[in-house]
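Visitor: Take this structure first; my questions come after.
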Amino acid sequence: MKRTRISEVCALLFFSTMKKIFTLILFSIIAFNAIHAEITWSLSNEGTLTISGTDMPDFNYYTEPYWNSQKQKIKKIVLKNGVTKIGSYAFYNCNNLTSITIPNSVTSIRMYAFEDCLRLTSITIPNSVTSIGDGAFDRCSGLTSIIVEEGSSEFDSRNNCNAIIRTKSNSLIAGCKNTVIPNSVTRIEGFAFHGCTGLTSITIPNSVTSIGQNAFSLCTGLTSITIPNSVTEVELNAFGGTKWYNRQPDGLVYAGLVLYKYKGTMPTNTIIVVNGGTKGIADAAFGSCVGLTSITIPNSVTSIGQNAFSLCTGLTSITIPNSVTSIRSSAFDGCSGLTSITIPNSVTNIGQEAFSGCI
């Protein structure tokens, strides 16, 4: 009898547990469908994708947009009034998309929403939009016109510049091959022109002080860059893959008054003397230059970039001049041969792991 009761109890516990699991699964399915039910879509024979509803969900490489299997058929997108958000990766790699209508009900364009829309030629951002995610128009190489409607509290395209500028910070977050950077922009954000293959020349005004990561990388047609003396910080790979950089001779490459990179293979026992008047050392400027044994930094440099000297295992000592105020994260990471470093009291910011792995 005891064995029978134990078996019955175990069975009851098993079925009770399974019921809870089934209920949870059912609840998840209902919730999942409820989220997806907030938008509806249809694709015409002519290639017009029409989307209605409210809050478009975010997508990613694992949760593909509902129209993903049909994306190469999409030539035009019409978002109906009422849609409030364009989700992450929503129209990623829609290679045949040429135009989109964004209603003024939209307040948010999420990250990489239009990445790799190669044939998209123009975009108008309504003044209702208050948030634009990273890389929203990344590698949209066909763009020739970018307009932000007047009256936006967050963004503008001042002076018909063909770019999106974050108004309060005066930072340019997205440009195209026809962009003219206004002389009020102070920063070019990371990936702003990334993959803009039609861009051949750019003049950076003397209002700009910093250029973000990959800002012009893979602009394969970019041959001419005017960089003013006002620029003091250049982040990782800002000009990587451009004709401008590829045509530079091996050795020290300067971007204005910033030491951008050591190009080529550095010989062993190399001694570097940085040009007088240099204002900054860019991210990864000497990364993995194991042949570097000594460097002289002039008393004009104000910032040393992220990973600027990382894995320079041959570097044994360094004197940082009292003009430097910032040493960014991992600047000397992995400099295992470094036994002596002098940091002046002018330095007010030292990033995380700036001297990690230094003995």
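The chains in the structure tokens are called A, B, ... from first to last as shown; in each chain the residues are counted from 1, and the ligands are counted from 1 in the order shown.
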So which bits of region 54-289 of chain A end up alpha helix (DSSP H) when you DSSP the backbone, as a list in words?

Guide: Lys243, Trp244, Tyr245 and Asn246 of chain A

Visitor: With only C-alpha atoms as the counted atoms, please give the residues lying no more than 10 Å from Asn68 (chain A), apart from itself and same-chain residues fewer than 6 positions off, as a PyMOL selection string.

Guide: chain A and resi 74+90-94

Visitor: Store the residues of this selection in a file with all heavy atoms, as an mmCIF file, in the first residue's frame.

Guide:
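Saved to result-v7.cif:
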data_model
loop_
_atom_site.group_PDB
_atom_site.id
_atom_site.type_symbol
_atom_site.label_atom_id
_atom_site.label_comp_id
_atom_site.auth_asym_id
_atom_site.auth_seq_id
_atom_site.Cartn_x
_atom_site.Cartn_y
_atom_site.Cartn_z
ATOM 1 N N ILE A 74 11.219 43.804 -51.944
ATOM 2 C CA ILE A 74 10.765 45.096 -51.429
ATOM 3 C C ILE A 74 11.471 46.239 -52.157
ATOM 4 O O ILE A 74 12.691 46.350 -52.142
ATOM 5 C CB ILE A 74 11.019 45.200 -49.910
ATOM 6 C CG1 ILE A 74 10.248 44.106 -49.169
ATOM 7 C CG2 ILE A 74 10.622 46.582 -49.393
ATOM 8 C CD1 ILE A 74 10.596 44.016 -47.687
ATOM 9 N N ALA A 90 15.070 46.114 -38.840
ATOM 10 C CA ALA A 90 13.775 45.895 -39.486
ATOM 11 C C ALA A 90 13.908 45.720 -40.999
ATOM 12 O O ALA A 90 13.246 44.863 -41.594
ATOM 13 C CB ALA A 90 12.826 47.044 -39.174
ATOM 14 N N PHE A 91 14.759 46.528 -41.626
ATOM 15 C CA PHE A 91 14.885 46.480 -43.092
ATOM 16 C C PHE A 91 16.337 46.220 -43.511
ATOM 17 O O PHE A 91 16.766 46.629 -44.582
ATOM 18 C CB PHE A 91 14.358 47.780 -43.690
ATOM 19 C CG PHE A 91 12.966 48.119 -43.219
ATOM 20 C CD1 PHE A 91 12.737 49.201 -42.395
ATOM 21 C CD2 PHE A 91 11.898 47.314 -43.564
ATOM 22 C CE1 PHE A 91 11.459 49.498 -41.927
ATOM 23 C CE2 PHE A 91 10.609 47.594 -43.107
ATOM 24 C CZ PHE A 91 10.397 48.685 -42.295
ATOM 25 N N TYR A 92 17.053 45.563 -42.627
ATOM 26 C CA TYR A 92 18.446 45.216 -42.901
ATOM 27 C C TYR A 92 18.583 44.457 -44.218
ATOM 28 O O TYR A 92 17.854 43.513 -44.488
ATOM 29 C CB TYR A 92 18.992 44.372 -41.747
ATOM 30 C CG TYR A 92 20.270 43.625 -42.055
ATOM 31 C CD1 TYR A 92 21.481 44.300 -42.133
ATOM 32 C CD2 TYR A 92 20.249 42.249 -42.271
ATOM 33 C CE1 TYR A 92 22.651 43.626 -42.423
ATOM 34 C CE2 TYR A 92 21.425 41.562 -42.560
ATOM 35 C CZ TYR A 92 22.622 42.256 -42.633
ATOM 36 O OH TYR A 92 23.781 41.578 -42.928
ATOM 37 N N ASN A 93 19.509 44.932 -45.057
ATOM 38 C CA ASN A 93 19.862 44.248 -46.298
ATOM 39 C C ASN A 93 18.700 44.144 -47.292
ATOM 40 O O ASN A 93 18.637 43.201 -48.081
ATOM 41 C CB ASN A 93 20.426 42.857 -45.991
ATOM 42 C CG ASN A 93 21.230 42.278 -47.140
ATOM 43 O OD1 ASN A 93 21.830 43.017 -47.914
ATOM 44 N ND2 ASN A 93 21.220 40.964 -47.261
ATOM 45 N N CYS A 94 17.790 45.106 -47.250
ATOM 46 C CA CYS A 94 16.757 45.184 -48.291
ATOM 47 C C CYS A 94 17.396 45.880 -49.498
ATOM 48 O O CYS A 94 17.243 47.097 -49.695
ATOM 49 C CB CYS A 94 15.529 45.952 -47.784
ATOM 50 S SG CYS A 94 14.543 45.046 -46.578
#

Visitor: Write out as a tab-separated table the residues of region 87-191 of chain A that have any atom within 12 Å of an atom of region 235-244 of chain A, one row each with the nearest atom pair and its distance in Å to one decimal, counting only C-alpha atoms, sorted by chain and then rising number.

Guide:
residue	atom	partner	partner_atom	distance
A:Arg187	CA	A:Glu235	CA	11.3
A:Ile188	CA	A:Ala238	CA	10.0
A:Glu189	CA	A:Glu235	CA	9.7
A:Gly190	CA	A:Ala238	CA	7.8
A:Phe191	CA	A:Ala238	CA	8.2

Visitor: Using only C-alpha atoms, which residues sit within 9 Å of Arg119 (chain A) once same-chain residues fewer than 5 positions away are excluded, as a list in words?

Guide: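 Close residues of Arg119 (chain A): Cys94, Asn95, Asn96, Leu97, Thr98, Ser99, Cys140, Ser141, Gly142 and Leu143 of chain A.
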
Visitor: Write a file of the selected residues as a JSON list (two decimals), in the first residue's frame, keeping all heavy atoms.

Guide:
[["chain", "number", "residue", "atom", "x", "y", "z"],
["A", 94, "CYS", "N", 17.79, 45.11, -47.25],
["A", 94, "CYS", "CA", 16.76, 45.18, -48.29],
["A", 94, "CYS", "C", 17.40, 45.88, -49.50],
["A", 94, "CYS", "O", 17.24, 47.10, -49.70],
["A", 94, "CYS", "CB", 15.53, 45.95, -47.78],
["A", 94, "CYS", "SG", 14.54, 45.05, -46.58],
["A", 95, "ASN", "N", 18.10, 45.12, -50.28],
["A", 95, "ASN", "CA", 18.98, 45.67, -51.32],
["A", 95, "ASN", "C", 18.26, 46.41, -52.43],
["A", 95, "ASN", "O", 18.86, 47.24, -53.11],
["A", 95, "ASN", "CB", 19.82, 44.55, -51.94],
["A", 95, "ASN", "CG", 20.96, 44.13, -51.04],
["A", 95, "ASN", "OD1", 21.45, 44.93, -50.25],
["A", 95, "ASN", "ND2", 21.37, 42.89, -51.13],
["A", 96, "ASN", "N", 16.98, 46.10, -52.64],
["A", 96, "ASN", "CA", 16.24, 46.72, -53.74],
["A", 96, "ASN", "C", 15.33, 47.85, -53.28],
["A", 96, "ASN", "O", 14.60, 48.41, -54.10],
["A", 96, "ASN", "CB", 15.44, 45.66, -54.50],
["A", 96, "ASN", "CG", 16.35, 44.67, -55.20],
["A", 96, "ASN", "OD1", 17.26, 45.06, -55.92],
["A", 96, "ASN", "ND2", 16.13, 43.38, -54.98],
["A", 97, "LEU", "N", 15.39, 48.18, -52.00],
["A", 97, "LEU", "CA", 14.59, 49.28, -51.47],
["A", 97, "LEU", "C", 15.12, 50.61, -52.00],
["A", 97, "LEU", "O", 16.31, 50.92, -51.86],
["A", 97, "LEU", "CB", 14.64, 49.26, -49.94],
["A", 97, "LEU", "CG", 13.94, 50.41, -49.22],
["A", 97, "LEU", "CD1", 12.43, 50.35, -49.46],
["A", 97, "LEU", "CD2", 14.25, 50.37, -47.72],
["A", 98, "THR", "N", 14.23, 51.40, -52.59],
["A", 98, "THR", "CA", 14.64, 52.70, -53.12],
["A", 98, "THR", "C", 13.99, 53.88, -52.39],
["A", 98, "THR", "O", 14.52, 54.99, -52.43],
["A", 98, "THR", "CB", 14.30, 52.82, -54.62],
["A", 98, "THR", "OG1", 12.89, 52.63, -54.81],
["A", 98, "THR", "CG2", 15.07, 51.77, -55.42],
["A", 99, "SER", "N", 12.85, 53.65, -51.74],
["A", 99, "SER", "CA", 12.19, 54.77, -51.05],
["A", 99, "SER", "C", 11.39, 54.29, -49.86],
["A", 99, "SER", "O", 10.94, 53.13, -49.82],
["A", 99, "SER", "CB", 11.28, 55.55, -52.02],
["A", 99, "SER", "OG", 10.15, 54.77, -52.36],
["A", 140, "CYS", "N", 24.46, 52.52, -46.16],
["A", 140, "CYS", "CA", 23.46, 52.88, -47.18],
["A", 140, "CYS", "C", 24.20, 53.72, -48.22],
["A", 140, "CYS", "O", 24.06, 54.96, -48.28],
["A", 140, "CYS", "CB", 22.29, 53.65, -46.56],
["A", 140, "CYS", "SG", 21.24, 52.63, -45.51],
["A", 141, "SER", "N", 24.98, 53.06, -49.04],
["A", 141, "SER", "CA", 25.93, 53.75, -49.92],
["A", 141, "SER", "C", 25.27, 54.52, -51.05],
["A", 141, "SER", "O", 25.90, 55.37, -51.68],
["A", 141, "SER", "CB", 26.93, 52.74, -50.51],
["A", 141, "SER", "OG", 26.24, 51.69, -51.18],
["A", 142, "GLY", "N", 23.99, 54.26, -51.32],
["A", 142, "GLY", "CA", 23.29, 54.96, -52.40],
["A", 142, "GLY", "C", 22.65, 56.26, -51.98],
["A", 142, "GLY", "O", 22.13, 57.01, -52.83],
["A", 143, "LEU", "N", 22.68, 56.58, -50.68],
["A", 143, "LEU", "CA", 22.04, 57.81, -50.19],
["A", 143, "LEU", "C", 22.69, 59.05, -50.79],
["A", 143, "LEU", "O", 23.91, 59.21, -50.76],
["A", 143, "LEU", "CB", 22.11, 57.88, -48.67],
["A", 143, "LEU", "CG", 21.05, 57.15, -47.86],
["A", 143, "LEU", "CD1", 21.34, 57.25, -46.38],
["A", 143, "LEU", "CD2", 19.65, 57.69, -48.17]]

Visitor: Calculate how many Å separate CA of Phe309 (chain A) from CA of Thr348 (chain A), rounding to one decimal.

Guide: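 Atom-to-atom, CA of Phe309 (chain A) to CA of Thr348 (chain A), that is 19.3 Å.
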
Visitor: Select from region 123-337 of chain A everything DSSP, run on the backbone, classes as strand (DSSP E), then give the selection as a ChimeraX atom specification.

Guide: /A:123-125,131-132,145-148,155-156,163-166,171-175,187-188,201-203,210-211,224-226,233-234,251-255,258-263,270-273,280-281,292-296,303-304,317-319,326-327

Visitor: Near Val258 (chain A), counting only C-alpha atoms, which residues have an atom at most 6 Å away, once you skip same-chain residues fewer than 2 positions from it, shown as a list in words?

Guide: Tyr254, Ala255, Gly256, Tyr260, Thr278, Lys279, Gly280 and Ile281 of chain A

Visitor: Filtering to N, CA, C and O atoms, could you give me those residues as a short mmCIF file (atom, residue, chain, number, x, y, z; two decimals), in the first residue's frame?

Guide:
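Output below, filename again.cif:
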data_model
loop_
_atom_site.label_atom_id
_atom_site.label_comp_id
_atom_site.auth_asym_id
_atom_site.auth_seq_id
_atom_site.Cartn_x
_atom_site.Cartn_y
_atom_site.Cartn_z
N TYR A 254 49.77 60.85 -40.07
CA TYR A 254 49.11 61.88 -39.29
C TYR A 254 47.78 62.27 -39.93
O TYR A 254 47.68 62.37 -41.15
N ALA A 255 46.77 62.49 -39.08
CA ALA A 255 45.49 63.03 -39.52
C ALA A 255 45.38 64.41 -38.91
O ALA A 255 44.98 64.58 -37.75
N GLY A 256 45.79 65.41 -39.67
CA GLY A 256 45.91 66.75 -39.11
C GLY A 256 47.02 66.77 -38.08
O GLY A 256 48.15 66.35 -38.36
N TYR A 260 47.81 59.34 -36.25
CA TYR A 260 46.72 58.39 -36.48
C TYR A 260 47.18 56.94 -36.35
O TYR A 260 46.53 56.14 -35.68
N THR A 278 52.01 68.03 -32.27
CA THR A 278 50.97 66.99 -32.31
C THR A 278 50.07 67.12 -31.09
O THR A 278 50.55 67.29 -29.96
N LYS A 279 48.75 67.03 -31.32
CA LYS A 279 47.80 67.24 -30.22
C LYS A 279 47.25 65.95 -29.62
O LYS A 279 46.76 65.94 -28.49
N GLY A 280 47.29 64.86 -30.40
CA GLY A 280 46.72 63.62 -29.88
C GLY A 280 47.38 62.40 -30.51
O GLY A 280 47.92 62.47 -31.62
N ILE A 281 47.31 61.29 -29.79
CA ILE A 281 47.73 59.99 -30.32
C ILE A 281 46.47 59.14 -30.40
O ILE A 281 45.79 58.93 -29.39
#

Visitor: Give me, as a list in words, all polymer residues having an atom no more than 9 Å from region 104-110 of chain A, counting only C-alpha atoms and skipping those fewer than 5 positions away in the same chain.

Guide: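 My list of contacting residues is Thr54, Asp58, Lys80, Asn81, Gly82, Val83, Thr84, Lys85, Ile86, Gly87, Ser88, Tyr89, Ala90, Ile125, Pro126, Asn127, Ser128, Val129, Thr130, Ser131, Ile132, Gly133, Asp134, Gly135 and Ala136 of chain A.
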
Visitor: If we count only C-alpha atoms, what is near Ser207 (chain A) at a cut-off of 10 Å, once residues fewer than 5 positions away on the same chain are taken out, given as a list of chain:residue names?

Guide: A:Asn170, A:Ile181, A:Pro182, A:Asn183, A:Ser184, A:Val185, A:Thr186, A:Arg187, A:Pro228, A:Asn229, A:Ser230, A:Val231

Visitor: Would you mind listing what lies within 9 Å of Asn349 (chain A) as a ChimeraX atom specification, with only C-alpha atoms counted and same-chain residues fewer than 6 positions away left out?

Guide: /A:325-328

Visitor: Selected residues, N, CA, C and O atoms, written as a PDB file, in the first residue's frame, please.

Guide:
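The resulting file, again_10.pdb, is reproduced below:
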ATOM      1  N   THR A 325      46.160  65.347 -20.625  1.00  0.00           N
ATOM      2  CA  THR A 325      45.089  65.361 -19.609  1.00  0.00           C
ATOM      3  C   THR A 325      44.328  64.048 -19.556  1.00  0.00           C
ATOM      4  O   THR A 325      43.677  63.746 -18.563  1.00  0.00           O
ATOM      5  N   SER A 326      44.398  63.255 -20.650  1.00  0.00           N
ATOM      6  CA  SER A 326      43.587  62.031 -20.709  1.00  0.00           C
ATOM      7  C   SER A 326      44.402  60.864 -21.257  1.00  0.00           C
ATOM      8  O   SER A 326      45.048  60.976 -22.302  1.00  0.00           O
ATOM      9  N   ILE A 327      44.361  59.740 -20.525  1.00  0.00           N
ATOM     10  CA  ILE A 327      44.914  58.472 -20.990  1.00  0.00           C
ATOM     11  C   ILE A 327      43.737  57.495 -21.036  1.00  0.00           C
ATOM     12  O   ILE A 327      43.197  57.122 -19.990  1.00  0.00           O
ATOM     13  N   ARG A 328      43.348  57.089 -22.227  1.00  0.00           N
ATOM     14  CA  ARG A 328      42.113  56.304 -22.373  1.00  0.00           C
ATOM     15  C   ARG A 328      42.345  54.833 -22.039  1.00  0.00           C
ATOM     16  O   ARG A 328      43.478  54.374 -21.856  1.00  0.00           O
TER      17      ARG A 328
END

Visitor: Quick one: distance from CA of Ile320 (chain A) to CA of Pro298 (chain A) in Å, one decimal?

Guide: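 Between CA of Ile320 (chain A) and CA of Pro298 (chain A) the gap is 8.6 Å.
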
Visitor: My list of candidates is A:Thr63, A:Thr197, A:Ser340, A:Ser153. Which is closest to Asp116 (chain A) when distances are computed with only C-alpha atoms?

Guide: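 Closest to Asp116 (chain A) of all the choices is A:Thr197.
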
Visitor: Please indicate the distance in Å from CA of Thr200 (chain A) to CA of Ile100 (chain A), rounded to one decimal place.

Guide: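 Calculated distance between CA of Thr200 (chain A) and CA of Ile100 (chain A) is 26.1 Å.
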